[in-house]
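Dropping target.cif in here (mmCIF, C-alpha atoms and all ligand atoms):
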data_model
loop_
_atom_site.label_atom_id
_atom_site.label_comp_id
_atom_site.auth_asym_id
_atom_site.auth_seq_id
_atom_site.Cartn_x
_atom_site.Cartn_y
_atom_site.Cartn_z
CA MET S 1421 -228.34 -12.81 93.46
CA SER S 1422 -226.13 -9.92 92.56
CA ASP S 1423 -225.50 -8.94 88.96
CA LEU S 1424 -222.16 -7.46 89.88
CA ARG S 1425 -220.98 -10.76 91.35
CA LYS S 1426 -222.37 -12.67 88.39
CA ASP S 1427 -220.62 -10.34 85.96
CA ILE S 1428 -217.31 -10.70 87.76
CA MET S 1429 -217.50 -14.47 88.03
CA ALA S 1430 -218.70 -14.93 84.46
CA GLY S 1431 -215.44 -13.45 83.19
CA VAL S 1432 -213.19 -15.65 85.34
CA LYS S 1433 -210.85 -17.86 83.32
CA LYS S 1434 -208.17 -18.22 85.97
CA VAL S 1435 -208.83 -18.39 89.69
CA LEU S 1436 -206.49 -18.46 92.64
CA ILE S 1437 -207.97 -20.25 95.64
CA LYS S 1438 -206.27 -19.85 98.99
CA VAL S 1439 -207.25 -22.42 101.59
CA GLY S 1440 -206.49 -21.67 105.23
CA THR S 1441 -205.40 -24.11 107.94
CA GLY S 1442 -208.68 -23.61 109.81
CA VAL S 1443 -210.59 -24.86 106.75
CA LEU S 1444 -208.44 -27.91 106.09
CA THR S 1445 -208.04 -29.22 109.59
CA GLY S 1446 -210.35 -30.43 112.31
CA LYS S 1447 -209.57 -31.93 115.70
CA ASP S 1448 -208.36 -35.09 113.97
CA GLY S 1449 -205.81 -33.38 111.75
CA LEU S 1450 -206.57 -32.92 108.06
CA ASP S 1451 -210.32 -33.02 107.42
CA LEU S 1452 -210.64 -35.36 104.45
CA THR S 1453 -214.34 -34.70 103.93
CA ILE S 1454 -213.84 -30.96 103.64
CA ILE S 1455 -210.94 -31.46 101.24
CA ASP S 1456 -213.05 -33.85 99.13
CA ASN S 1457 -215.87 -31.30 99.00
CA LEU S 1458 -213.58 -28.47 97.95
CA VAL S 1459 -211.86 -30.64 95.37
CA GLU S 1460 -215.22 -31.67 93.94
CA ASP S 1461 -216.12 -28.01 93.39
CA ILE S 1462 -212.69 -27.30 91.92
CA ALA S 1463 -212.99 -30.25 89.54
CA GLU S 1464 -216.28 -28.87 88.32
CA ILE S 1465 -214.77 -25.41 87.83
CA THR S 1466 -211.91 -26.88 85.78
CA ARG S 1467 -214.35 -28.95 83.69
CA LYS S 1468 -215.98 -25.67 82.73
CA GLY S 1469 -212.65 -24.50 81.33
CA CYS S 1470 -211.42 -22.32 84.20
CA ARG S 1471 -207.81 -22.72 85.32
CA VAL S 1472 -207.22 -23.13 89.03
CA VAL S 1473 -204.18 -22.47 91.19
CA ILE S 1474 -204.28 -23.33 94.90
CA VAL S 1475 -202.31 -21.74 97.70
CA THR S 1476 -202.69 -24.05 100.65
CA SER S 1477 -201.84 -23.89 104.32
CA GLY S 1478 -202.18 -26.79 106.71
CA ALA S 1479 -198.71 -28.35 106.55
CA ILE S 1480 -197.62 -27.35 110.04
CA ALA S 1481 -200.97 -28.26 111.62
CA SER S 1482 -200.99 -31.62 109.87
CA GLY S 1483 -197.39 -32.42 110.87
CA LYS S 1484 -198.11 -31.43 114.44
CA HIS S 1485 -201.09 -33.74 114.53
CA ARG S 1486 -199.03 -36.60 113.11
CA MET S 1487 -196.52 -36.18 115.92
CA GLY S 1488 -199.30 -36.12 118.50
CA ILE S 1489 -198.39 -32.61 119.66
CA THR S 1490 -201.34 -30.70 121.05
CA GLY S 1491 -199.86 -27.44 122.41
CA LYS S 1492 -198.28 -24.65 120.38
CA LEU S 1493 -195.01 -25.29 118.58
CA LYS S 1494 -192.53 -22.88 120.02
CA SER S 1495 -189.24 -23.04 118.19
CA MET S 1496 -188.53 -22.47 114.51
CA PRO S 1497 -187.01 -25.97 114.03
CA GLU S 1498 -190.15 -27.51 115.54
CA LYS S 1499 -192.37 -25.62 113.09
CA GLN S 1500 -190.07 -26.40 110.18
CA ALA S 1501 -189.94 -30.08 111.06
CA ALA S 1502 -193.73 -30.21 111.46
CA ALA S 1503 -194.12 -28.52 108.06
CA ALA S 1504 -191.84 -31.12 106.46
CA ILE S 1505 -193.93 -33.94 107.92
CA GLY S 1506 -197.28 -32.32 107.16
CA GLN S 1507 -196.51 -31.07 103.65
CA SER S 1508 -196.11 -34.55 102.18
CA ARG S 1509 -199.26 -35.76 103.90
CA LEU S 1510 -201.14 -32.67 102.67
CA MET S 1511 -200.06 -33.31 99.09
CA ARG S 1512 -201.00 -36.96 99.29
CA VAL S 1513 -204.49 -36.04 100.46
CA TYR S 1514 -204.90 -33.47 97.68
CA SER S 1515 -203.48 -35.85 95.12
CA ASN S 1516 -205.92 -38.63 96.13
CA ALA S 1517 -208.88 -36.25 96.18
CA PHE S 1518 -208.09 -34.80 92.73
CA GLY S 1519 -207.29 -38.28 91.42
CA LYS S 1520 -210.95 -39.24 91.90
CA HIS S 1521 -211.73 -36.63 89.24
CA ASN S 1522 -208.83 -37.67 87.00
CA LEU S 1523 -206.92 -34.51 87.77
CA TYR S 1524 -203.22 -34.28 88.55
CA VAL S 1525 -201.63 -31.95 91.05
CA ALA S 1526 -198.14 -30.40 91.26
CA GLN S 1527 -196.40 -29.22 94.41
CA ILE S 1528 -194.64 -25.85 94.43
CA LEU S 1529 -192.88 -24.64 97.57
CA LEU S 1530 -191.65 -21.05 97.57
CA THR S 1531 -189.74 -18.59 99.70
CA MET S 1532 -189.89 -14.83 99.35
CA SER S 1533 -186.53 -14.73 97.53
CA ASP S 1534 -188.00 -16.89 94.75
CA LEU S 1535 -190.21 -13.94 93.87
CA THR S 1536 -187.98 -10.96 94.65
CA ASP S 1537 -185.37 -12.22 92.20
CA ARG S 1538 -186.79 -11.30 88.78
CA ALA S 1539 -185.25 -14.28 86.97
CA ARG S 1540 -186.63 -16.77 89.51
CA TYR S 1541 -189.94 -14.95 89.45
CA ILE S 1542 -190.14 -15.48 85.70
CA ASN S 1543 -189.24 -19.16 86.16
CA VAL S 1544 -192.03 -19.59 88.70
CA ARG S 1545 -194.42 -17.87 86.29
CA ASN S 1546 -193.40 -20.07 83.37
CA THR S 1547 -193.71 -23.26 85.37
CA LEU S 1548 -197.16 -22.29 86.61
CA SER S 1549 -198.32 -21.46 83.07
CA GLN S 1550 -197.03 -24.78 81.77
CA LEU S 1551 -198.82 -26.71 84.51
CA MET S 1552 -202.05 -24.86 83.80
CA GLU S 1553 -201.67 -25.48 80.10
CA TRP S 1554 -201.40 -29.20 80.87
CA GLY S 1555 -204.54 -28.98 82.98
CA VAL S 1556 -202.60 -29.82 86.15
CA ILE S 1557 -203.53 -28.07 89.41
CA PRO S 1558 -200.54 -26.29 90.97
CA ILE S 1559 -200.66 -26.46 94.77
CA ILE S 1560 -198.43 -23.86 96.37
CA ASN S 1561 -197.25 -23.41 99.93
CA GLU S 1562 -194.45 -21.52 101.59
CA ASN S 1563 -191.26 -23.57 101.81
CA ASP S 1564 -191.44 -23.44 105.60
CA THR S 1565 -188.59 -25.87 106.08
CA VAL S 1566 -185.97 -23.53 104.67
CA ALA S 1567 -187.54 -20.09 105.09
CA VAL S 1568 -186.18 -18.02 107.96
CA ASP S 1569 -187.70 -14.70 109.05
CA GLU S 1570 -185.93 -12.53 106.48
CA LEU S 1571 -187.05 -14.77 103.63
CA LYS S 1572 -190.58 -15.46 104.76
CA PHE S 1573 -193.82 -14.36 103.19
CA GLY S 1574 -195.02 -14.54 106.80
CA ASP S 1575 -198.42 -15.91 106.06
CA ASN S 1576 -200.14 -17.55 103.14
CA ASP S 1577 -202.47 -14.56 102.66
CA HIS S 1578 -199.40 -12.63 101.58
CA LEU S 1579 -198.06 -15.51 99.50
CA ALA S 1580 -201.44 -15.83 97.74
CA ALA S 1581 -201.51 -12.08 97.02
CA MET S 1582 -198.09 -12.37 95.35
CA ILE S 1583 -199.09 -15.44 93.34
CA ALA S 1584 -202.31 -13.77 92.14
CA ASN S 1585 -200.07 -11.29 90.36
CA VAL S 1586 -197.64 -13.93 89.11
CA VAL S 1587 -200.41 -15.89 87.38
CA GLU S 1588 -202.52 -12.80 86.62
CA ALA S 1589 -205.57 -14.38 88.20
CA ASP S 1590 -209.03 -13.01 87.39
CA VAL S 1591 -210.13 -13.45 90.99
CA LEU S 1592 -208.62 -14.52 94.30
CA ILE S 1593 -210.87 -16.48 96.63
CA ASN S 1594 -209.57 -16.67 100.18
CA LEU S 1595 -211.27 -19.52 102.02
CA THR S 1596 -211.11 -19.14 105.75
CA ASN S 1597 -213.06 -20.05 108.86
CA THR S 1598 -215.27 -16.96 109.08
CA GLU S 1599 -218.03 -15.82 106.74
CA GLY S 1600 -216.01 -12.81 105.61
CA LEU S 1601 -215.11 -9.39 106.97
CA TYR S 1602 -217.34 -8.06 109.75
CA ASP S 1603 -217.75 -4.41 110.67
CA ARG S 1604 -216.54 -5.23 114.19
CA ASN S 1605 -215.08 -8.23 116.01
CA PRO S 1606 -217.36 -11.14 115.01
CA LYS S 1607 -217.18 -12.41 118.59
CA ASP S 1608 -219.65 -9.62 119.32
CA LYS S 1609 -222.29 -11.74 117.64
CA LYS S 1610 -225.27 -9.44 118.25
CA ARG S 1611 -223.82 -6.31 116.75
CA ALA S 1612 -221.27 -7.54 114.21
CA LYS S 1613 -222.53 -7.34 110.63
CA LEU S 1614 -220.95 -9.03 107.64
CA ILE S 1615 -219.69 -6.52 105.07
CA ARG S 1616 -220.86 -7.82 101.69
CA ILE S 1617 -218.91 -5.52 99.44
CA VAL S 1618 -215.87 -3.32 99.87
CA ARG S 1619 -215.47 -0.73 97.13
CA GLU S 1620 -212.47 0.94 98.71
CA ILE S 1621 -210.21 -0.16 101.54
CA THR S 1622 -210.67 2.82 103.84
CA GLU S 1623 -209.29 3.25 107.35
CA ASP S 1624 -212.65 2.04 108.68
CA ILE S 1625 -212.29 -1.18 106.74
CA GLU S 1626 -208.77 -1.67 108.00
CA ALA S 1627 -209.97 -1.05 111.54
CA ALA S 1628 -212.79 -3.58 111.08
CA ALA S 1629 -210.25 -6.33 110.47
CA THR S 1630 -209.35 -7.36 113.98
CA ALA S 1631 -205.71 -7.91 114.76
CA GLU S 1632 -206.66 -11.12 116.49
CA ALA S 1633 -204.92 -14.01 114.77
CA ASP S 1634 -206.62 -17.11 113.59
CA PRO S 1635 -206.18 -19.71 116.37
CA VAL S 1636 -204.80 -22.33 113.97
CA GLY S 1637 -203.53 -20.38 110.96
CA MET S 1638 -201.07 -17.51 110.87
CA GLY S 1639 -202.73 -14.42 109.56
CA GLY S 1640 -206.18 -13.65 110.93
CA MET S 1641 -208.44 -11.06 109.29
CA ARG S 1642 -205.86 -8.26 109.41
CA SER S 1643 -203.52 -10.07 107.03
CA LYS S 1644 -206.45 -10.92 104.74
CA VAL S 1645 -207.34 -7.26 104.40
CA VAL S 1646 -203.69 -6.23 103.89
CA ALA S 1647 -203.59 -8.86 101.12
CA ALA S 1648 -206.89 -7.57 99.69
CA LYS S 1649 -205.33 -4.14 99.36
CA LYS S 1650 -202.47 -5.48 97.28
CA VAL S 1651 -204.59 -7.76 95.14
CA THR S 1652 -207.24 -5.14 94.34
CA ALA S 1653 -204.45 -2.64 93.58
CA CYS S 1654 -203.43 -4.80 90.65
CA GLY S 1655 -206.98 -5.04 89.34
CA ILE S 1656 -207.98 -8.41 90.77
CA PRO S 1657 -211.25 -8.86 92.70
CA TYR S 1658 -210.85 -10.57 96.06
CA ILE S 1659 -213.39 -12.65 97.97
CA ILE S 1660 -213.16 -13.84 101.57
CA ALA S 1661 -215.56 -16.66 102.42
CA ARG S 1662 -216.10 -19.59 104.76
CA GLY S 1663 -214.31 -22.59 103.33
CA LYS S 1664 -216.01 -25.31 105.33
CA LYS S 1665 -219.44 -24.55 103.86
CA LYS S 1666 -220.41 -27.27 101.40
CA GLY S 1667 -220.55 -26.08 97.81
CA ILE S 1668 -218.94 -22.75 98.70
CA LEU S 1669 -216.93 -22.47 95.49
CA ARG S 1670 -219.84 -23.53 93.32
CA ASP S 1671 -221.99 -20.84 94.99
CA ILE S 1672 -219.32 -18.18 94.55
CA PHE S 1673 -218.97 -19.09 90.88
CA ALA S 1674 -222.75 -18.90 90.51
CA GLY S 1675 -222.51 -15.27 91.60
CA LYS S 1676 -224.25 -15.76 94.93
CA GLU S 1677 -223.90 -13.05 97.54
CA ILE S 1678 -221.42 -14.94 99.70
CA GLY S 1679 -218.65 -13.67 101.95
CA THR S 1680 -217.03 -10.29 101.38
CA LEU S 1681 -216.16 -9.10 97.89
CA PHE S 1682 -213.42 -6.48 97.54
CA LEU S 1683 -213.69 -4.69 94.22
CA PRO S 1684 -210.51 -4.03 92.24
CA VAL S 1685 -209.08 -0.52 91.97
CA ALA S 1686 -210.05 0.97 88.59
CA ASP S 1687 -206.72 2.67 87.87
CA HIS S 1688 -204.69 -0.35 88.81
CA LEU S 1689 -201.03 -1.28 88.66
CA ASN S 1690 -199.82 -3.50 85.88
CA SER S 1691 -197.98 -6.73 86.69
CA ARG S 1692 -194.47 -5.27 86.64
CA GLU S 1693 -195.50 -2.20 88.64
CA TYR S 1694 -197.09 -4.54 91.17
CA TRP S 1695 -193.92 -6.59 91.42
CA ILE S 1696 -191.92 -3.43 92.08
CA ALA S 1697 -194.46 -2.02 94.52
CA TYR S 1698 -195.23 -5.07 96.61
CA THR S 1699 -192.70 -7.83 96.14
CA LEU S 1700 -189.51 -5.86 96.64
CA ARG S 1701 -188.31 -4.39 99.91
CA PRO S 1702 -187.09 -0.79 99.53
CA ARG S 1703 -183.38 -0.27 100.17
CA GLY S 1704 -183.34 3.53 100.40
CA LYS S 1705 -185.12 6.82 99.79
CA VAL S 1706 -184.74 9.77 97.48
CA TYR S 1707 -186.51 13.08 98.14
CA LEU S 1708 -187.79 15.01 95.12
CA ASP S 1709 -188.38 18.70 94.44
CA ASP S 1710 -191.84 19.85 93.33
CA GLY S 1711 -190.91 19.82 89.64
CA ALA S 1712 -189.88 16.15 89.69
CA ARG S 1713 -192.85 15.27 91.89
CA ASN S 1714 -195.32 16.75 89.39
CA ALA S 1715 -193.51 15.34 86.36
CA ILE S 1716 -193.81 11.84 87.84
CA LEU S 1717 -197.30 12.13 89.27
CA HIS S 1718 -198.98 14.00 86.44
CA HIS S 1719 -196.90 13.70 83.28
CA GLY S 1720 -195.71 10.09 83.20
CA LYS S 1721 -192.03 11.08 83.39
CA SER S 1722 -188.92 9.29 84.62
CA LEU S 1723 -186.83 10.54 87.55
CA LEU S 1724 -183.80 12.59 86.50
CA PRO S 1725 -180.92 13.56 88.79
CA SER S 1726 -181.93 17.24 88.66
CA GLY S 1727 -185.15 16.56 90.61
CA ILE S 1728 -183.46 14.86 93.57
CA VAL S 1729 -182.77 16.95 96.67
CA LYS S 1730 -181.76 14.32 99.24
CA VAL S 1731 -180.66 10.67 99.37
CA GLU S 1732 -181.07 8.29 102.29
CA GLY S 1733 -179.81 4.72 102.78
CA GLN S 1734 -177.28 2.58 100.96
CA PHE S 1735 -178.46 1.03 97.75
CA ASN S 1736 -176.96 -0.60 94.69
CA MET S 1737 -177.88 -0.24 91.05
CA GLY S 1738 -181.13 -2.15 90.43
CA ASP S 1739 -182.33 -1.87 94.02
CA PRO S 1740 -185.85 -0.69 94.83
CA VAL S 1741 -185.94 2.82 96.28
CA LEU S 1742 -188.81 4.98 97.54
CA CYS S 1743 -189.36 8.43 96.03
CA LEU S 1744 -190.80 10.94 98.49
CA ASP S 1745 -191.78 14.58 98.11
CA THR S 1746 -190.28 17.30 100.33
CA GLU S 1747 -192.97 16.64 102.94
CA GLY S 1748 -192.07 12.96 103.06
CA LYS S 1749 -195.17 11.78 101.16
CA LEU S 1750 -194.70 8.68 99.01
CA ILE S 1751 -194.73 9.45 95.28
CA ALA S 1752 -193.34 6.29 93.72
CA LYS S 1753 -191.14 3.26 94.14
CA GLY S 1754 -188.66 2.30 91.48
CA LEU S 1755 -185.48 0.49 90.55
CA VAL S 1756 -182.47 2.79 90.46
CA ASN S 1757 -179.93 2.97 87.66
CA TYR S 1758 -177.22 4.33 89.98
CA ASN S 1759 -176.08 3.36 93.46
CA SER S 1760 -176.55 5.63 96.49
CA GLU S 1761 -173.04 7.12 96.33
CA GLU S 1762 -173.48 7.99 92.67
CA VAL S 1763 -176.93 9.50 93.26
CA GLU S 1764 -175.48 11.55 96.13
CA LYS S 1765 -172.92 12.99 93.67
CA ILE S 1766 -175.30 13.71 90.78
CA LYS S 1767 -178.39 14.86 92.70
CA GLY S 1768 -179.62 18.30 91.63
CA LEU S 1769 -177.51 18.23 88.45
CA LYS S 1770 -178.56 18.35 84.84
CA THR S 1771 -178.32 15.06 82.93
CA SER S 1772 -175.56 16.53 80.77
CA LYS S 1773 -173.36 16.84 83.88
CA ILE S 1774 -173.55 13.14 84.89
CA GLU S 1775 -170.52 12.08 82.87
CA GLN S 1776 -168.47 15.07 83.99
CA VAL S 1777 -169.07 14.23 87.66
CA LEU S 1778 -168.94 10.42 87.59
CA GLY S 1779 -166.62 9.93 84.64
CA TYR S 1780 -169.28 7.81 82.87
CA LYS S 1781 -172.97 7.87 82.13
CA HIS S 1782 -174.91 4.62 81.85
CA TYR S 1783 -178.34 6.22 81.85
CA ASP S 1784 -179.95 9.65 81.73
CA GLU S 1785 -182.52 8.71 84.34
CA VAL S 1786 -181.95 7.76 87.96
CA ILE S 1787 -185.19 5.76 87.73
CA HIS S 1788 -186.72 5.02 84.36
CA ARG S 1789 -190.48 5.22 84.14
CA ASP S 1790 -190.67 1.56 83.05
CA ASN S 1791 -189.10 0.57 86.34
CA MET S 1792 -191.39 2.65 88.50
CA ALA S 1793 -194.71 2.13 90.31
CA VAL S 1794 -196.37 5.47 90.93
CA THR S 1795 -198.77 6.09 93.78
CA ARG S 1796 -202.19 7.30 92.70
CA ASP S 1797 -205.48 6.79 94.48
CA LYS S 1798 -203.59 5.17 97.36
CA ARG S 1799 -202.35 2.37 95.08
CA LEU S 1800 -199.11 1.87 97.00
N1 LIG S 1901 -197.26 -22.42 105.50
C1 LIG S 1901 -198.01 -22.71 106.69
C2 LIG S 1901 -198.48 -24.16 106.69
O1 LIG S 1901 -198.59 -24.78 105.67
C3 LIG S 1901 -199.25 -21.85 106.84
C4 LIG S 1901 -199.07 -20.39 106.87
C5 LIG S 1901 -200.41 -19.67 107.07
O2 LIG S 1901 -201.33 -20.26 107.64
O3 LIG S 1901 -200.52 -18.52 106.68
O4 LIG S 1901 -198.76 -24.69 107.71
#
Give the structure from the file, written as structure tokens.
Ligand code: GLU
Amino acid sequence: MSDLRKDIMAGVKKVLIKVGTGVLTGKDGLDLTIIDNLVEDIAEITRKGCRVVIVTSGAIASGKHRMGITGKLKSMPEKQAAAAIGQSRLMRVYSNAFGKHNLYVAQILLTMSDLTDRARYINVRNTLSQLMEWGVIPIINENDTVAVDELKFGDNDHLAAMIANVVEADVLINLTNTEGLYDRNPKDKKRAKLIRIVREITEDIEAAATAEADPVGMGGMRSKVVAAKKVTACGIPYIIARGKKKGILRDIFAGKEIGTLFLPVADHLNSREYWIAYTLRPRGKVYLDDGARNAILHHGKSLLPSGIVKVEGQFNMGDPVLCLDTEGKLIAKGLVNYNSEEVEKIKGLKTSKIEQVLGYKHYDEVIHRDNMAVTRDKRL
């Protein structure tokens, strides 16, 4: 048994458990025995005083099964309709399983825009905290019925990574249908070795995650590793393990060497930085001179107009914008205080000239340090 694992798990007061479609379903639709087993472990974890949030998949697969459809669902409306059918069944199954342990569940369905909008993000966070305070288990899924491509998390690995930050989880456990991350495609059974611990997500690690998607779920290993990168960047350990194994959560909590553990980045992003870095889509770019680059990277400074040499894209005040150095390397991402036309006019100028050029000055900084996530140690 590993001391490192034990140490990590001993400090866990809040856990996010993501359960993949491949874990929850068998050839007869939702696998009630597996769900009962998982719920039994979760009930035990909560009895010990740990708060649990679940991100679950399985709605589409369950709905499809209900409708007796065996092939792939092709159109968006088909998937959305299947999700609507399956989601209620999924919740009923969870609710019954938790009910046996006198625990209540709450359904939360989200789209990407619920988290990119700061006010809605805060509402989601407050609701989740209230549920946890009441000892209720929040069960989250993507709101597949209304989400269209632009608004989609894409897969629940991504959704879970975002929620881990919302609830400031102490660990994210991603339960899937493989043992963890292998050093090569696990189909090559003789040579593929399970990677027990990942201290840094290097290019080799990214290459190890095959692009091959999970036959029933959405993401496959690639999306789990992309999610691991985000989660560990905000200081949260991340474990990938086989969900169908009986007692899997109990074993993980006991610190057993199970699945793949990704260690958190030491110099990690705080919650707001993470939100800026990973939840928001950039709307434009500003290129910085060396002075501004160093001031941001090494001296904790804000971005002033004088350090900007070039502006790209159309953005409004408050939009997320990438800051690049003259060679195009990413330095930071932040929320701008001026729109792209204004930045175009004031770039290269001293702060004292802003009012003269624009006729007003709302802020000295184009991006204030508090609204910026800075890249260090490949954090972004
Ligand atoms: N939201 C989808 C469902 O419940 C699953 C997405 C995923 O597997 O990543 O069926």
Give one line per residue of chain S that approaches ligand LIG 1901 (chain S) to at most 6 Å, naming the two atoms of the closest pair and their distance in Å to one decimal, counting all atoms listed in the file; sort by chain then ascending residue number and deliver it as a tab-separated table.
residue	atom	partner	partner_atom	distance
S:Gly1440	CA	S:LIG1901	O2	5.9
S:Thr1441	CA	S:LIG1901	O2	5.6
S:Ser1477	CA	S:LIG1901	O1	3.6
S:Gly1478	CA	S:LIG1901	O4	4.1
S:Ala1479	CA	S:LIG1901	O1	3.7
S:Ile1480	CA	S:LIG1901	O4	3.7
S:Ala1481	CA	S:LIG1901	O4	5.7
S:Asn1561	CA	S:LIG1901	N1	5.7
S:Glu1562	CA	S:LIG1901	N1	4.9
S:Asp1564	CA	S:LIG1901	N1	5.9
S:Asp1575	CA	S:LIG1901	O3	3.4
S:Asn1576	CA	S:LIG1901	O3	3.7
S:Asp1577	CA	S:LIG1901	O3	6.0
S:Gly1637	CA	S:LIG1901	O2	4.0
S:Met1638	CA	S:LIG1901	O2	4.3
S:Gly1639	CA	S:LIG1901	O3	5.5
Counting all atoms listed in the file, which residues of segment 1573-1631 of chain S fall within 8 Å of segment 1690-1708 of chain S, and what is the closest atom pair for each with its distance in Å at one decimal, ordered by chain and rising number, as JSON lines?
{"residue": "S:Met1582", "atom": "CA", "partner": "S:Thr1699", "partner_atom": "CA", "distance": 7.1}
{"residue": "S:Asn1585", "atom": "CA", "partner": "S:Ser1691", "partner_atom": "CA", "distance": 6.2}
{"residue": "S:Val1586", "atom": "CA", "partner": "S:Ser1691", "partner_atom": "CA", "distance": 7.6}
{"residue": "S:Glu1588", "atom": "CA", "partner": "S:Ser1691", "partner_atom": "CA", "distance": 7.6}
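You can rank S:Ala1686, S:Val1777, S:Leu1579, S:Ala1674 by their closest distance to Val1646 of chain S using only C-alpha atoms, and at the top of that list sits S:Leu1579.
Closest approach to Arg1471 of chain S among S:Ile1557, S:Ala1715, S:Val1525, S:Leu1535: S:Ile1557, based on all atoms listed in the file.
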Kindly compute an axis-aligned box around the listed atoms of segment 1755-1761 of chain S, allowing 3 Å on each side, and express its centre and edge lengths in Å to one decimal as lines of an AutoDock Vina configuration file.
center_x = -179.3
center_y = 3.8
center_z = 92.1
size_x = 18.4
size_y = 12.6
size_z = 14.8
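Residue nearest Pro1657 of chain S within the list S:Asp1608, S:Asp1624, S:Asp1448, S:Asp1590: S:Asp1590 [criterion: smallest interatomic distance, all atoms listed in the file].
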Exercise for the section: Would you mind listing what lies within 12 Å of segment 1620-1622 of chain S as a ChimeraX atom specification, with all atoms listed in the file counted and same-chain residues fewer than 2 positions away left out? Expected result: /S:1601,1615,1617-1618,1624-1629,1644-1653,1657-1658,1681-1686,1797-1799
Create the file for the chosen residues now, containing C-alpha atoms and written as an mmCIF file, keeping the file's coordinate frame.
data_model
loop_
_atom_site.group_PDB
_atom_site.id
_atom_site.type_symbol
_atom_site.label_atom_id
_atom_site.label_comp_id
_atom_site.auth_asym_id
_atom_site.auth_seq_id
_atom_site.Cartn_x
_atom_site.Cartn_y
_atom_site.Cartn_z
ATOM 1 C CA LEU S 1601 -215.110 -9.390 106.970
ATOM 2 C CA ILE S 1615 -219.690 -6.520 105.070
ATOM 3 C CA ILE S 1617 -218.910 -5.520 99.440
ATOM 4 C CA VAL S 1618 -215.870 -3.320 99.870
ATOM 5 C CA ASP S 1624 -212.650 2.040 108.680
ATOM 6 C CA ILE S 1625 -212.290 -1.180 106.740
ATOM 7 C CA GLU S 1626 -208.770 -1.670 108.000
ATOM 8 C CA ALA S 1627 -209.970 -1.050 111.540
ATOM 9 C CA ALA S 1628 -212.790 -3.580 111.080
ATOM 10 C CA ALA S 1629 -210.250 -6.330 110.470
ATOM 11 C CA LYS S 1644 -206.450 -10.920 104.740
ATOM 12 C CA VAL S 1645 -207.340 -7.260 104.400
ATOM 13 C CA VAL S 1646 -203.690 -6.230 103.890
ATOM 14 C CA ALA S 1647 -203.590 -8.860 101.120
ATOM 15 C CA ALA S 1648 -206.890 -7.570 99.690
ATOM 16 C CA LYS S 1649 -205.330 -4.140 99.360
ATOM 17 C CA LYS S 1650 -202.470 -5.480 97.280
ATOM 18 C CA VAL S 1651 -204.590 -7.760 95.140
ATOM 19 C CA THR S 1652 -207.240 -5.140 94.340
ATOM 20 C CA ALA S 1653 -204.450 -2.640 93.580
ATOM 21 C CA PRO S 1657 -211.250 -8.860 92.700
ATOM 22 C CA TYR S 1658 -210.850 -10.570 96.060
ATOM 23 C CA LEU S 1681 -216.160 -9.100 97.890
ATOM 24 C CA PHE S 1682 -213.420 -6.480 97.540
ATOM 25 C CA LEU S 1683 -213.690 -4.690 94.220
ATOM 26 C CA PRO S 1684 -210.510 -4.030 92.240
ATOM 27 C CA VAL S 1685 -209.080 -0.520 91.970
ATOM 28 C CA ALA S 1686 -210.050 0.970 88.590
ATOM 29 C CA ASP S 1797 -205.480 6.790 94.480
ATOM 30 C CA LYS S 1798 -203.590 5.170 97.360
ATOM 31 C CA ARG S 1799 -202.350 2.370 95.080
#
Practice task
Select all residues near (-194.3, 14.0, 92.7) (cut-off 12 Å, inclusive, file coordinates), counting only C-alpha atoms, and output them as a ChimeraX atom specification.
Solution key: /S:1706-1723,1727-1728,1742-1753,1794-1796
Give me, as JSON lines, each residue of segment 1516-1623 of chain S that comes within 10 Å of segment 1489-1499 of chain S, together with its shortest interatomic pair and the distance in Å at one decimal, counting all atoms listed in the file, with rows ordered by chain and rising residue number.
{"residue": "S:Asp1564", "atom": "CA", "partner": "S:Lys1499", "partner_atom": "CA", "distance": 7.9}
{"residue": "S:Thr1565", "atom": "CA", "partner": "S:Lys1499", "partner_atom": "CA", "distance": 8.0}
{"residue": "S:Val1566", "atom": "CA", "partner": "S:Pro1497", "partner_atom": "CA", "distance": 9.7}
{"residue": "S:Ala1567", "atom": "CA", "partner": "S:Met1496", "partner_atom": "CA", "distance": 9.8}
{"residue": "S:Val1568", "atom": "CA", "partner": "S:Met1496", "partner_atom": "CA", "distance": 8.3}
{"residue": "S:Asp1569", "atom": "CA", "partner": "S:Met1496", "partner_atom": "CA", "distance": 9.5}
Written selection (C-alpha atoms) as a PDB file, in the frame of the given file:
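Wrote it out as again-v3.pdb, contents follow:
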ATOM      1  CA  ASP S1564    -191.440 -23.440 105.600  1.00  0.00           C
ATOM      2  CA  THR S1565    -188.590 -25.870 106.080  1.00  0.00           C
ATOM      3  CA  VAL S1566    -185.970 -23.530 104.670  1.00  0.00           C
ATOM      4  CA  ALA S1567    -187.540 -20.090 105.090  1.00  0.00           C
ATOM      5  CA  VAL S1568    -186.180 -18.020 107.960  1.00  0.00           C
ATOM      6  CA  ASP S1569    -187.700 -14.700 109.050  1.00  0.00           C
TER       7      ASP S1569
END
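For the pair atom CA of Lys1433 of chain S and atom CA of Leu1592 of chain S, the interatomic distance is 11.7 Å.
Here the residues that fall within 10 Å of (-209.8, -24.1, 83.0), using only C-alpha atoms, are given as Val1432, Lys1433, Lys1434, Val1435, Ile1462, Ala1463, Glu1464, Ile1465, Thr1466, Arg1467, Lys1468, Gly1469, Cys1470, Arg1471, Val1472, Met1552, Glu1553, Gly1555, Val1556 and Ile1557 of chain S.
Taking atom CA of Met1737 of chain S and atom CA of Ser1772 of chain S as the two end points, the separation is 19.8 Å.
The closest residue to Gly1431 of chain S, picked from S:Tyr1780, S:Ile1656, S:Asp1687, S:Val1756 and counting only C-alpha atoms, is S:Ile1656.
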